[in-house]
Number of protein chains: 2
Amino acid sequence: MTSTRYQIIETTCDLLEAQGYHATGLNQIVKESGAPRGSLYYYFPDGKEGLTAEAIERTGKIFAERIRTGLAASDTADEAVRAFVQHIAHLVEASGFRAGGPLTTVAMETATSSERLNLACREAYQRLQSAFENKLVESSFPQERAAQLATFITAALEGGIILSRTNHSGDPLRQVAEELGRVLAASGE
Amino acid sequence: MTSTRYQIIETTCDLLEAQGYHATGLNQIVKESGAPRGSLYYYFPDGKEGLTAEAIERTGKIFAERIRTGLAASDTADEAVRAFVQHIAHLVEASGFRAGGPLTTVAMETATSSERLNLACREAYQRLQSAFENKLVESSFPQERAAQLATFITAALEGGIILSRTNHSGDPLRQVAEELGRVLAASGE
């Protein structure tokens with residue numbers, strides 16, 4: 001990827017995470033990325049929707065990789081998930097509550113208004129769930145139970161991020177970390 | 001409340017739920033509410049931010065009341081929460097995935113950009129959490145544990161709504177219902 005193209009997508013990811021799809025305009029992306037306006041139209045001929053679809057895909061891949069790396073640091077699933085969610089609490093705090101949940105706002109804004117972006121968000125969430133599911137399977141959870149718990153973990157993490165950003169406090173996420181750790185420890189391995 | 005004022009707030013609540021804060025303009029509110037433009041400026045001299053703050057307050061009260069009523073239908077907390085979250089899955093499906101999580105998008109969009117709307121969202125989420133917490137206390141959970149679990153329930157419910165709207169399926173919420181029911185049953189009463 002050229003560095004200009006990369007910079008445009010990076011800037012778009014950050015803006016979508018902080019303020020959502022509707023608030024993010026091409027003018028702001030041009031301004032904050034420092035890319036020439038012509039490059040934006042050259043690399044993203046479909047305009048804002050196409051650029052956002054690519055940004056969402058990239059965000060899903062990065063977040064899934066972050067989950068895989070984070071979970072790999074602990075042997076047991078309960079400890080891995082607890083530590084990962086605590087780490088997200090820290091990141092949300094460190095961002096001044098601007099970041100965390102990079103898919104949420106766009107997913108909700110476009111769930112029924114853009115087929116293309118809805119599909120991109122679905123695929124991105126599926127990547128996150130698979131990352132959790134794989135760790136659970138590695139930790140000896142049966143496949144079906146691992147898939148169910150991965151959905152639950154993703155939901156609780158997403159909701160915890162919303163509550164932490166809204167309350168300007170990492171505490172809701174730390175509570176989610178604690179509860180998910182208990183659930184997984186009790187679900188046996 | 002006069003019926004015009006009421007109608008403006010109702011319309012605003014619906015639009016915020018379906019598409020968020022930034023996508024919702026005063027023109028659309030005027031058009032869809034059928035209220036004269038002058039009434040909107042008369043009743044809401046602060047414009048869109050003030051109107052949204054009132055809509056969020058109203059949404060929080062209505063959602064909290066819906067939780068209280070829903071939970072009252074079952075004696076035990078685990079059964080009450082399971083049935084309530086299943087009910088939300090049904091509502092999200094029935095709306096064609098346009099509705100559910102009436103606070104989420106606005107909360108994320110405004111977490112660090114509007115102090116007034118952030119405060120309104122915090123108070124609204126607090127109402128939801130209190131509604132769950134009170135049911136748990138009634139069901140003999142100790143106060144502190146009830147508060148912790150209420151945060152977890154609210155997070156998982158919020159995240160489940162996002163996944164259900166994004167996937168155009170009530171299944172993620174039904175999975176959340178099942179898991180929360182297990183957690184509460186195992187947490188003893």
# chains A, B, ... in the order shown; residues from 1 in each chain; ligands from 1
call {"tool": "interface_residues", "arguments": {"of": "chain A", "to": "chain B", "cutoff": "9 Å", "atoms": "only C-alpha atoms", "output": "PyMOL selection string"}}
result
chain A and resi 17-23+96-98+101+104-113+118-119+121-122+125+148-149+151-163+165-168+172-173+175-176+179+183
call {"tool": "write_last_selection", "arguments": {"atoms": "N, CA and C atoms", "output": "short mmCIF file (atom, residue, chain, number, x, y, z; two decimals), in the first residue's frame"}}
result
data_model
loop_
_atom_site.label_atom_id
_atom_site.label_comp_id
_atom_site.auth_asym_id
_atom_site.auth_seq_id
_atom_site.Cartn_x
_atom_site.Cartn_y
_atom_site.Cartn_z
N GLU A 17 -13.79 6.02 14.55
CA GLU A 17 -13.80 5.54 15.93
C GLU A 17 -14.21 6.64 16.91
N ALA A 18 -13.72 7.84 16.65
CA ALA A 18 -13.97 8.93 17.59
C ALA A 18 -15.36 9.54 17.43
N GLN A 19 -15.87 9.59 16.20
CA GLN A 19 -17.10 10.38 16.00
C GLN A 19 -18.15 9.72 15.11
N GLY A 20 -17.81 8.59 14.49
CA GLY A 20 -18.82 7.88 13.68
C GLY A 20 -18.79 8.27 12.21
N TYR A 21 -19.70 7.66 11.46
CA TYR A 21 -19.73 7.80 10.00
C TYR A 21 -20.28 9.15 9.53
N HIS A 22 -21.42 9.51 10.07
CA HIS A 22 -22.09 10.71 9.56
C HIS A 22 -21.32 11.99 9.85
N ALA A 23 -20.61 11.99 10.99
CA ALA A 23 -19.88 13.21 11.36
C ALA A 23 -18.57 13.35 10.59
N GLY A 96 -8.29 9.14 26.49
CA GLY A 96 -9.19 10.20 26.95
C GLY A 96 -10.62 9.90 26.56
N PHE A 97 -10.94 8.60 26.42
CA PHE A 97 -12.31 8.13 26.12
C PHE A 97 -12.79 8.48 24.73
N ARG A 98 -11.85 8.82 23.86
CA ARG A 98 -12.14 9.07 22.45
C ARG A 98 -12.12 7.77 21.65
N GLY A 101 -13.85 0.50 20.80
CA GLY A 101 -15.08 0.20 20.07
C GLY A 101 -15.06 0.83 18.69
N THR A 104 -18.35 0.19 16.61
CA THR A 104 -19.69 0.35 17.18
C THR A 104 -20.54 1.42 16.50
N THR A 105 -20.03 2.63 16.45
CA THR A 105 -20.87 3.72 15.96
C THR A 105 -21.24 3.51 14.50
N VAL A 106 -20.26 3.15 13.69
CA VAL A 106 -20.54 2.92 12.27
C VAL A 106 -21.52 1.76 12.10
N ALA A 107 -21.34 0.70 12.89
CA ALA A 107 -22.25 -0.46 12.79
C ALA A 107 -23.69 -0.05 13.06
N MET A 108 -23.87 0.76 14.10
CA MET A 108 -25.24 1.17 14.46
C MET A 108 -25.80 2.16 13.44
N GLU A 109 -24.96 3.09 12.99
CA GLU A 109 -25.44 4.11 12.05
C GLU A 109 -25.88 3.50 10.71
N THR A 110 -25.19 2.42 10.32
CA THR A 110 -25.39 1.92 8.96
C THR A 110 -26.09 0.56 8.89
N ALA A 111 -26.59 0.08 10.06
CA ALA A 111 -27.16 -1.28 10.11
C ALA A 111 -28.25 -1.50 9.07
N THR A 112 -29.03 -0.46 8.81
CA THR A 112 -30.12 -0.64 7.84
C THR A 112 -30.08 0.42 6.73
N SER A 113 -28.99 1.21 6.69
CA SER A 113 -28.98 2.30 5.70
C SER A 113 -27.94 2.10 4.59
N ASN A 118 -22.90 -2.28 6.12
CA ASN A 118 -23.42 -3.29 7.04
C ASN A 118 -22.64 -4.60 6.87
N LEU A 119 -22.41 -4.99 5.62
CA LEU A 119 -21.67 -6.22 5.35
C LEU A 119 -20.24 -6.12 5.89
N CYS A 121 -19.21 -4.33 8.39
CA CYS A 121 -19.25 -4.41 9.86
C CYS A 121 -19.49 -5.84 10.34
N ARG A 122 -20.39 -6.55 9.65
CA ARG A 122 -20.62 -7.94 10.01
C ARG A 122 -19.35 -8.76 9.93
N TYR A 125 -16.96 -7.85 12.80
CA TYR A 125 -17.33 -8.46 14.09
C TYR A 125 -17.06 -9.97 14.06
N GLN A 148 -20.62 -20.01 21.16
CA GLN A 148 -21.63 -19.30 21.97
C GLN A 148 -20.95 -18.29 22.90
N LEU A 149 -19.90 -18.77 23.59
CA LEU A 149 -19.22 -17.88 24.54
C LEU A 149 -18.52 -16.74 23.82
N THR A 151 -19.57 -15.14 21.19
CA THR A 151 -20.60 -14.12 20.96
C THR A 151 -20.84 -13.31 22.22
N PHE A 152 -20.93 -14.03 23.33
CA PHE A 152 -21.20 -13.36 24.62
C PHE A 152 -20.04 -12.45 25.01
N ILE A 153 -18.83 -12.92 24.84
CA ILE A 153 -17.65 -12.11 25.19
C ILE A 153 -17.62 -10.84 24.32
N THR A 154 -17.86 -11.00 23.02
CA THR A 154 -17.83 -9.85 22.11
C THR A 154 -18.89 -8.83 22.51
N ALA A 155 -20.09 -9.33 22.84
CA ALA A 155 -21.18 -8.42 23.25
C ALA A 155 -20.81 -7.67 24.53
N ALA A 156 -20.34 -8.40 25.52
CA ALA A 156 -20.02 -7.76 26.81
C ALA A 156 -18.88 -6.76 26.67
N LEU A 157 -17.90 -7.11 25.85
CA LEU A 157 -16.77 -6.20 25.60
C LEU A 157 -17.27 -4.92 24.92
N GLU A 158 -18.06 -5.07 23.86
CA GLU A 158 -18.61 -3.91 23.15
C GLU A 158 -19.40 -3.00 24.10
N GLY A 159 -20.29 -3.62 24.88
CA GLY A 159 -21.11 -2.84 25.81
C GLY A 159 -20.27 -2.20 26.89
N GLY A 160 -19.25 -2.91 27.34
CA GLY A 160 -18.37 -2.35 28.36
C GLY A 160 -17.63 -1.12 27.84
N ILE A 161 -17.24 -1.17 26.58
CA ILE A 161 -16.56 -0.01 25.98
C ILE A 161 -17.51 1.19 25.94
N ILE A 162 -18.76 0.95 25.57
CA ILE A 162 -19.74 2.05 25.52
C ILE A 162 -19.91 2.67 26.90
N LEU A 163 -20.07 1.82 27.92
CA LEU A 163 -20.28 2.35 29.27
C LEU A 163 -19.02 3.07 29.77
N ARG A 165 -16.67 4.59 27.89
CA ARG A 165 -16.51 5.87 27.20
C ARG A 165 -17.54 6.88 27.70
N THR A 166 -18.77 6.42 27.89
CA THR A 166 -19.81 7.34 28.35
C THR A 166 -19.53 7.86 29.75
N ASN A 167 -19.06 6.96 30.63
CA ASN A 167 -18.84 7.36 32.02
C ASN A 167 -17.44 7.94 32.27
N HIS A 168 -16.64 8.02 31.21
CA HIS A 168 -15.27 8.52 31.36
C HIS A 168 -14.56 7.79 32.49
N PRO A 172 -16.35 0.27 34.25
CA PRO A 172 -17.30 -0.70 33.67
C PRO A 172 -16.57 -1.82 32.92
N LEU A 173 -15.54 -1.48 32.16
CA LEU A 173 -14.79 -2.52 31.44
C LEU A 173 -14.06 -3.46 32.40
N GLN A 175 -15.09 -4.25 35.30
CA GLN A 175 -16.12 -5.14 35.84
C GLN A 175 -16.45 -6.25 34.85
N VAL A 176 -16.56 -5.88 33.57
CA VAL A 176 -16.81 -6.87 32.52
C VAL A 176 -15.67 -7.90 32.49
N GLU A 179 -16.18 -10.32 35.40
CA GLU A 179 -17.33 -11.23 35.23
C GLU A 179 -17.04 -12.27 34.15
N VAL A 183 -17.07 -16.33 34.45
CA VAL A 183 -17.89 -17.18 33.60
C VAL A 183 -17.04 -18.27 32.94
#
call {"tool": "residues_around", "arguments": {"residues": "Ser74 in chain A", "least_positions_apart": "4", "cutoff": "12 Å", "atoms": "only C-alpha atoms", "output": "PyMOL selection string"}}
result
chain A and resi 67-70+78-84+135-136+138-139
call {"tool": "atom_distance", "arguments": {"atom1": "CA of Val85 in chain B", "atom2": "CA of Ala72 in chain B"}}
result
13.5 Å
call {"tool": "select_by_dssp", "arguments": {"residues": "range 25-189 of chain B", "states": "alpha helix (DSSP H)", "output": "PyMOL selection string"}}
result
chain B and resi 26-33+37-43+47-72+77-94+104-110+115-138+143-167+171-186
call {"tool": "atom_distance", "arguments": {"atom1": "CA of Ile56 in chain B", "atom2": "CA of Arg127 in chain B"}}
result
11.5 Å
call {"tool": "residues_around", "arguments": {"residues": "Gln7 in chain A", "least_positions_apart": "5", "cutoff": "9 Å", "atoms": "only C-alpha atoms", "output": "list in words"}}
result
Thr2, Thr12, Ser33, Gly34 and Ala35 of chain A
call {"tool": "write_last_selection", "arguments": {"atoms": "N, CA and C atoms", "output": "CSV table (one decimal), in the first residue's frame"}}
result
chain,number,residue,atom,x,y,z
A,2,THR,N,0.6,2.2,-0.8
A,2,THR,CA,1.4,3.4,-0.8
A,2,THR,C,1.2,4.2,0.5
A,12,THR,N,-9.0,7.9,8.4
A,12,THR,CA,-10.4,7.5,8.4
A,12,THR,C,-10.8,6.6,9.6
A,33,SER,N,-5.4,14.0,7.3
A,33,SER,CA,-4.4,13.0,6.7
A,33,SER,C,-3.2,13.7,6.1
A,34,GLY,N,-3.5,15.0,5.7
A,34,GLY,CA,-2.4,15.7,5.0
A,34,GLY,C,-2.3,15.2,3.5
A,35,ALA,N,-3.2,14.4,3.1
A,35,ALA,CA,-3.1,13.9,1.7
A,35,ALA,C,-3.7,14.9,0.7
